[in-house]
Each structure stands twice: as C-alpha cells, then as structure tokens.
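Visitor: Data file structure.txt (compact mmCIF, C-alpha atoms) is appended below.
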# COMPACT_ATOMS: atom_id res chain seq x y z
CA MET H 1136 118.36 101.71 90.18
CA ILE H 1137 120.51 102.29 87.07
CA THR H 1138 124.21 102.44 87.90
CA LEU H 1139 126.47 103.76 85.14
CA HIS H 1140 130.19 104.34 85.30
CA SER H 1141 131.39 105.33 81.83
CA ASP H 1142 130.90 108.27 79.52
CA SER H 1143 128.94 106.12 77.09
CA GLY H 1144 126.91 104.76 80.01
CA GLY H 1145 126.04 108.27 81.12
CA SER H 1146 124.94 109.06 77.60
CA GLU H 1147 122.78 105.93 77.52
CA PHE H 1148 121.20 106.99 80.80
CA GLY H 1149 120.46 110.35 79.23
CA ARG H 1150 118.89 108.67 76.21
CA ARG H 1151 116.62 106.57 78.40
CA LEU H 1152 115.51 109.54 80.41
CA GLY H 1153 114.98 111.45 77.17
CA VAL H 1154 112.43 108.83 76.18
CA SER H 1155 110.81 109.13 79.63
CA ILE H 1156 110.62 112.92 79.24
CA HIS H 1157 108.66 112.45 76.02
CA ALA H 1158 106.27 110.03 77.73
CA SER H 1159 105.70 112.48 80.61
CA SER H 1160 105.11 115.36 78.21
CA THR H 1161 102.66 113.38 76.11
CA GLY H 1162 100.76 112.64 79.31
CA GLY H 1163 100.70 116.33 80.19
CA ASN H 1164 103.08 116.01 83.14
CA HIS H 1165 105.55 118.71 82.16
CA ALA H 1166 106.85 119.12 85.73
CA ALA H 1167 107.97 115.49 85.65
CA GLY H 1168 109.59 116.14 82.27
CA VAL H 1169 111.64 118.98 83.76
CA ARG H 1170 112.69 116.84 86.73
CA LEU H 1171 113.74 113.98 84.46
CA ALA H 1172 115.73 116.29 82.21
CA SER H 1173 117.47 117.86 85.21
CA SER H 1174 118.33 114.40 86.57
CA ALA H 1175 119.74 113.26 83.25
CA LEU H 1176 121.80 116.42 82.85
CA GLU H 1177 123.24 116.06 86.34
CA ARG H 1178 124.23 112.45 85.64
CA LEU H 1179 125.66 113.27 82.24
CA GLY H 1180 127.78 116.21 83.36
CA ASN H 1181 129.69 118.02 80.62
CA ASN H 1182 130.40 114.87 78.63
CA ASP H 1183 128.72 114.20 75.29
CA PRO H 1184 127.65 117.70 74.12
CA ALA H 1185 125.11 116.32 71.62
CA THR H 1186 123.12 114.42 74.24
CA ARG H 1187 123.47 117.35 76.63
CA ALA H 1188 122.20 119.85 74.04
CA TRP H 1189 119.19 117.62 73.31
CA LEU H 1190 118.33 117.24 77.01
CA LEU H 1191 118.77 120.97 77.64
CA ALA H 1192 116.47 121.78 74.72
CA ARG H 1193 113.88 119.31 76.03
CA LYS H 1194 114.14 120.88 79.49
CA GLY H 1195 113.57 124.25 77.85
CA GLU H 1196 110.51 122.98 76.00
CA GLU H 1197 108.98 121.40 79.10
CA SER H 1198 109.73 124.49 81.24
CA ALA H 1199 108.13 126.71 78.61
CA LEU H 1200 105.01 124.52 78.62
CA LEU H 1201 104.89 124.95 82.41
CA GLY H 1202 105.12 128.72 82.02
CA ASP H 1203 108.53 128.84 83.74
CA ARG H 1204 110.04 131.50 81.49
CA LYS H 1205 113.30 131.89 83.44
CA THR H 1206 114.20 128.19 83.44
CA ALA H 1207 113.11 127.79 79.82
CA LEU H 1208 115.34 130.60 78.61
CA GLU H 1209 118.31 129.49 80.71
CA ALA H 1210 118.02 125.93 79.38
CA ILE H 1211 117.62 126.80 75.71
CA ARG H 1212 120.45 129.36 75.75
CA GLU H 1213 122.78 126.80 77.33
CA ALA H 1214 121.56 124.27 74.76
CA GLU H 1215 122.51 126.63 71.93
CA ASP H 1216 125.99 127.14 73.36
CA THR H 1217 126.44 123.39 73.90
CA TYR H 1218 125.19 122.51 70.43
CA LEU H 1219 128.08 124.46 68.90
CA GLU H 1220 130.44 121.78 70.27
CA ALA H 1221 128.18 118.81 69.55
CA ASN H 1222 128.96 115.91 67.24
CA ILE H 1223 125.46 114.62 66.58
CA THR H 1224 126.77 111.50 64.83
CA ALA H 1225 128.66 110.35 67.95
CA ARG H 1226 125.61 108.51 69.33
CA PRO H 1227 122.85 106.79 67.36
CA TRP H 1228 120.14 108.57 69.34
CA THR H 1229 121.41 112.08 68.54
CA CYS H 1230 121.73 111.68 64.76
CA PHE H 1231 118.24 113.16 64.37
CA LEU H 1232 119.34 116.43 66.00
CA ASP H 1233 120.54 118.14 62.83
CA PRO H 1234 120.55 121.97 62.60
CA ALA H 1235 116.94 122.13 61.33
CA ARG H 1236 115.57 119.97 64.14
CA PHE H 1237 117.59 121.76 66.80
CA ALA H 1238 116.51 125.16 65.47
CA SER H 1239 112.89 124.01 65.63
CA MET H 1240 113.34 123.13 69.32
CA CYS H 1241 114.73 126.62 69.93
CA LEU H 1242 111.80 128.05 68.01
CA SER H 1243 109.37 126.06 70.15
CA VAL H 1244 110.79 127.54 73.35
CA TYR H 1245 111.22 131.13 72.19
CA SER H 1246 107.75 131.33 70.67
CA ARG H 1247 106.13 129.79 73.74
CA VAL H 1248 107.72 132.36 76.09
CA ARG H 1249 107.00 135.17 73.61
CA GLU H 1250 110.62 136.06 72.84
CA GLU H 1251 109.53 137.36 69.45
CA ASP H 1252 112.91 138.47 68.07
CA ARG H 1253 114.59 135.21 69.02
CA ALA H 1254 111.64 133.21 67.72
CA LEU H 1255 111.81 134.96 64.35
CA GLU H 1256 115.56 134.38 64.18
CA ALA H 1257 115.05 130.68 65.00
CA SER H 1258 112.34 130.41 62.34
CA ARG H 1259 114.76 131.82 59.77
CA ARG H 1260 117.32 129.20 60.81
CA VAL H 1261 114.73 126.46 60.43
CA ALA H 1262 113.81 127.67 56.95
CA ALA H 1263 117.48 127.93 55.95
CA PHE H 1264 118.20 124.34 57.00
CA MET H 1265 115.05 122.82 55.49
CA GLY H 1266 116.43 121.57 52.19
CA PRO H 1267 114.55 119.52 49.58
CA ASN H 1268 116.11 116.29 50.86
CA VAL H 1269 115.00 116.60 54.47
CA GLU H 1270 113.57 113.29 55.66
CA THR H 1271 109.79 113.11 55.92
CA LYS H 1272 109.78 112.07 59.59
CA LYS H 1273 111.71 115.19 60.53
CA LEU H 1274 109.50 117.34 58.32
CA CYS H 1275 106.48 116.26 60.38
CA VAL H 1276 107.88 117.77 63.55
CA VAL H 1277 109.70 120.81 62.20
CA GLN H 1278 106.73 122.04 60.18
CA ALA H 1279 104.43 121.59 63.18
CA ASP H 1280 106.88 123.60 65.30
CA MET H 1281 106.79 126.33 62.67
CA ALA H 1282 102.99 126.27 62.81
CA LEU H 1283 103.01 126.62 66.60
CA ALA H 1284 105.44 129.53 66.42
CA HIS H 1285 103.30 131.41 63.88
CA ILE H 1286 100.19 130.90 66.00
CA ARG H 1287 101.98 132.39 69.00
CA LEU H 1288 103.29 135.26 66.90
CA GLY H 1289 99.78 136.00 65.61
CA ASP H 1290 100.06 134.83 61.98
CA VAL H 1291 97.31 132.22 61.70
CA SER H 1292 97.43 131.98 57.89
CA GLU H 1293 101.12 131.02 57.92
CA ALA H 1294 100.46 128.70 60.85
CA VAL H 1295 97.84 126.77 58.89
CA LYS H 1296 100.14 126.54 55.88
CA TYR H 1297 102.85 124.87 57.96
CA ALA H 1298 100.30 122.74 59.81
CA ARG H 1299 98.96 121.35 56.53
CA SER H 1300 102.50 120.52 55.40
CA SER H 1301 103.12 118.72 58.69
CA LEU H 1302 99.81 116.86 58.43
CA GLU H 1303 100.64 115.66 54.93
CA ALA H 1304 104.05 114.38 56.04
CA THR H 1305 102.73 112.88 59.29
CA THR H 1306 99.93 111.04 57.47
CA ALA H 1307 102.39 109.67 54.93
CA MET H 1308 104.80 108.46 57.64
CA ALA H 1309 102.33 107.75 60.46
CA ALA H 1310 104.95 109.49 62.62
CA PRO H 1311 103.93 109.51 66.32
CA LEU H 1312 105.80 112.68 67.25
CA GLY H 1313 104.17 114.46 64.32
CA TRP H 1314 100.73 113.64 65.74
CA ASP H 1315 101.85 114.84 69.18
CA ARG H 1316 102.95 118.19 67.78
CA LEU H 1317 99.85 118.57 65.61
CA ASP H 1318 97.65 117.90 68.64
CA GLN H 1319 99.30 120.99 70.17
CA VAL H 1320 98.73 122.96 66.96
CA VAL H 1321 95.03 122.13 66.91
CA ASP H 1322 94.70 122.93 70.61
CA GLU H 1323 96.28 126.36 70.13
CA LEU H 1324 94.18 127.03 67.02
CA SER H 1325 90.99 126.33 68.96
CA SER H 1326 90.85 129.89 70.30
CA THR H 1327 90.78 131.52 66.85
CA LYS H 1328 87.71 131.95 64.67
CA VAL H 1329 89.66 132.42 61.45
CA PRO H 1330 87.93 130.26 58.77
CA THR H 1331 91.15 128.62 57.58
CA ALA H 1332 91.89 127.51 61.15
CA SER H 1333 88.42 126.04 61.54
CA GLN H 1334 88.78 124.20 58.24
CA PHE H 1335 92.15 122.79 59.24
CA ARG H 1336 90.76 121.52 62.55
CA LYS H 1337 88.09 119.62 60.58
CA GLU H 1338 90.71 118.19 58.22
CA TYR H 1339 92.83 117.14 61.17
CA ALA H 1340 89.95 115.48 63.01
CA ALA H 1341 89.22 113.41 59.89
CA SER H 1342 92.87 112.34 59.54
CA ARG H 1343 94.00 111.79 63.15
CA PRO H 1344 94.26 108.10 64.13
CA LYS H 1345 92.76 107.07 67.46
CA THR H 1346 96.05 105.74 68.85
CA GLU H 1347 99.68 105.63 67.81
CA PRO H 1348 102.85 103.95 69.11
CA PRO H 1349 105.19 105.94 71.38
CA SER H 1350 107.96 108.01 69.83
CA LEU H 1351 111.61 107.74 70.86
CA LEU H 1352 112.58 111.32 69.95
Can you present the structure in this file as structure tokens?
Guide:
Amino acid sequence: MITLHSDSGGSEFGRRLGVSIHASSTGGNHAAGVRLASSALERLGNNDPATRAWLLARKGEESALLGDRKTALEAIREAEDTYLEANITARPWTCFLDPARFASMCLSVYSRVREEDRALEASRRVAAFMGPNVETKKLCVVQADMALAHIRLGDVSEAVKYARSSLEATTAMAAPLGWDRLDQVVDELSSTKVPTASQFRKEYAASRPKTEPPSLL
C-alpha cells in the first residue's frame, strides 16, 4: 500500500496512477482506467490543479470510451474549470499539458460522446495553439486526436489529413502514445469505404512497428 502525507506526495500518487490508467486503457480495460482515475482524484483532493485537471481529463476520456456519456461530460467540464487555475510547470509530469494538449483531450471526449458544438470549439482551440514550434512528440498525439474527432464528425478527408501528419511525426519520433492513438484512428476508419481511408490503413500497416515501449503520458 502507498501511504502519502504531503501535497507533493499526493501529486506523486496521482502521477503513478496516471501511468496505470494509460496501461489499463492500452489493454482495453477502460473501466479499470476510470476506477484508477477516481481513486487518484480522491487521494489528491483539491490540491495541485494541474495534476487534477490531467486526471479529470483522463477520467473523461476513459468514461467516453466506455460509453458513459454522463460521467465523461462531468469529468471533462470539471477538468476545464480546474485547468484555468493550473500551473502546469509546477510538477515535471504535468509540463506536457500545455493548452494544445489539454484542448486535444477535451476534443477527444466531446467528439466521442457526439457533443458536436463543443467538439468543434475544442478543435478550433487545438488549431489555435498548434504553433510552428510545437514539439514533435506532442504533435503525434494532438494530430491523431484531431483525426479521431473528424472521423466522429463525419469528415473522413480531414481525418486522413490529420492522421497522415500524426503518422509522419510518430514515425520520426517512434512515440508510443502516437501509435496508441493511431491504432484508434485506424480502428475507427475501418468502417468507411472511402478510398483515402483505405489507402491510409495500408500505409499505416506498413509503418506500424510490432511492439513499442510503454508511454508515461
């Protein structure tokens, strides 16, 4: 059992469970991901808004993947409110959660639960924050999230455009989380017969490594 007594300790507990959430999600156990996120949030309390916003967004993503619309929306809306107070540089494990990455997590949830207006607004935020100097590792994930959103909103051509951008960045960086997200993109594209989608699936199959190390984000 992990016993933690300080604010920083609670944040560290949250970080560890955040990694466990990712492992559960990658294995397809989204219910476990939700339970882990809830446990971490309870332990963390209202301290450390950046870690809390990250965990709330992950709970939203996992709930959306489970089809639990109510919990997903409650979690992501609380995450958005919490993020307004967050100092992402306060902990080394939240530095990645810049406005573009956080907006892409919101986009992932809203598009999954078919909140079209909120998804479109989140996609505009992602685009606004995606400057020319965005790091390649982050580009892998954010562009894949944009692809997933466009699939769910019915724009396959735009989805493939973002998926190709993510694939290029993911291949260059060999970024594990990029492959995870692109696996989802390919899975969701499998139901469409649009030629560009079929071509992308072939490109992806030729590029995808057999295994990759676990991601910490």
Visitor: Can you measure CA of Gly1313 (chain H) to CA of Cys1275 (chain H) for me? One decimal in Å is fine.
Guide: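 Taking CA of Gly1313 (chain H) and CA of Cys1275 (chain H), their separation equals 4.9 Å.
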Visitor: Have a look at H:Glu1196, H:Asp1183, H:Glu1215, H:Asp1290 and name the one nearest to Gly1168 (chain H); count all atoms listed in the file.
Guide: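 Closest residue, counting all atoms listed in the file: H:Glu1196.
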Visitor: For a test of reading the model, state the distance in Å between CA of Ala1309 (chain H) and CA of Arg1259 (chain H), rounded to one decimal.
Guide: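 So the two atoms, CA of Ala1309 (chain H) and CA of Arg1259 (chain H), lie 27.1 Å apart.
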Visitor: Just the residues within 12 Å of Phe1335 (chain H), please, counting only C-alpha atoms, with nothing from its chain fewer than 6 positions along; format it as a ChimeraX atom specification.
Guide: /H:1282,1291-1292,1294-1303,1317-1318,1320-1322,1324-1325,1327-1329,1341-1343
Visitor: Separation of CA of Ala1257 (chain H) and CA of Ala1172 (chain H), in Å?
Guide: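 Here the two named atoms are 22.4 Å from each other.
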Visitor: So which one's closest to Ala1188 (chain H), H:Ala1207, H:Thr1229, H:Leu1200, H:Ser1174? Using only C-alpha atoms, please.
Guide: H:Thr1229
Visitor: Which residues, written as a PyMOL selection string, have at least one atom at most 12 Å from Leu1274 (chain H), with all atoms listed in the file counted and residues fewer than 2 positions away on the same chain left out?
Guide: chain H and resi 1231+1233+1235-1236+1239+1261-1262+1264-1272+1276-1282+1297-1308+1310+1312-1313+1316
Visitor: Would you kindly identify which residues have an atom no farther than 10 Å from (120.6, 129.5, 74.9), using all atoms listed in the file and the file's own coordinates, and write them out as a ChimeraX atom specification?
Guide: /H:1188,1191-1192,1195,1207-1218,1241,1245
Visitor: Between H:Leu1190, H:Leu1255, H:Ile1286, H:Ala1199, which has the minimum distance to Ser1326 (chain H) (counting all atoms listed in the file)?
Guide: H:Ile1286
Visitor: Choose the residue, out of H:Ala1284, H:Ala1263, H:Cys1230, H:Lys1273, that has the smallest atom-to-atom separation from Arg1249 (chain H); count all atoms listed in the file.
Guide: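 Answer, going by the shortest atom-to-atom distance: H:Ala1284.
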Visitor: Can you work out which one of H:Leu1283, H:Ala1185, H:Leu1179, H:Val1169 has the shortest atom-to-atom distance to Arg1226 (chain H), counting only C-alpha atoms?
Guide: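 Answer, going by the shortest atom-to-atom distance: H:Ala1185.
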Visitor: Between H:Gln1319, H:Trp1314, H:Ala1332, H:Arg1170, which is the closest to Ser1243 (chain H) once you count only C-alpha atoms?
Guide: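 Ranked by minimum distance to Ser1243 (chain H), first place goes to H:Gln1319.
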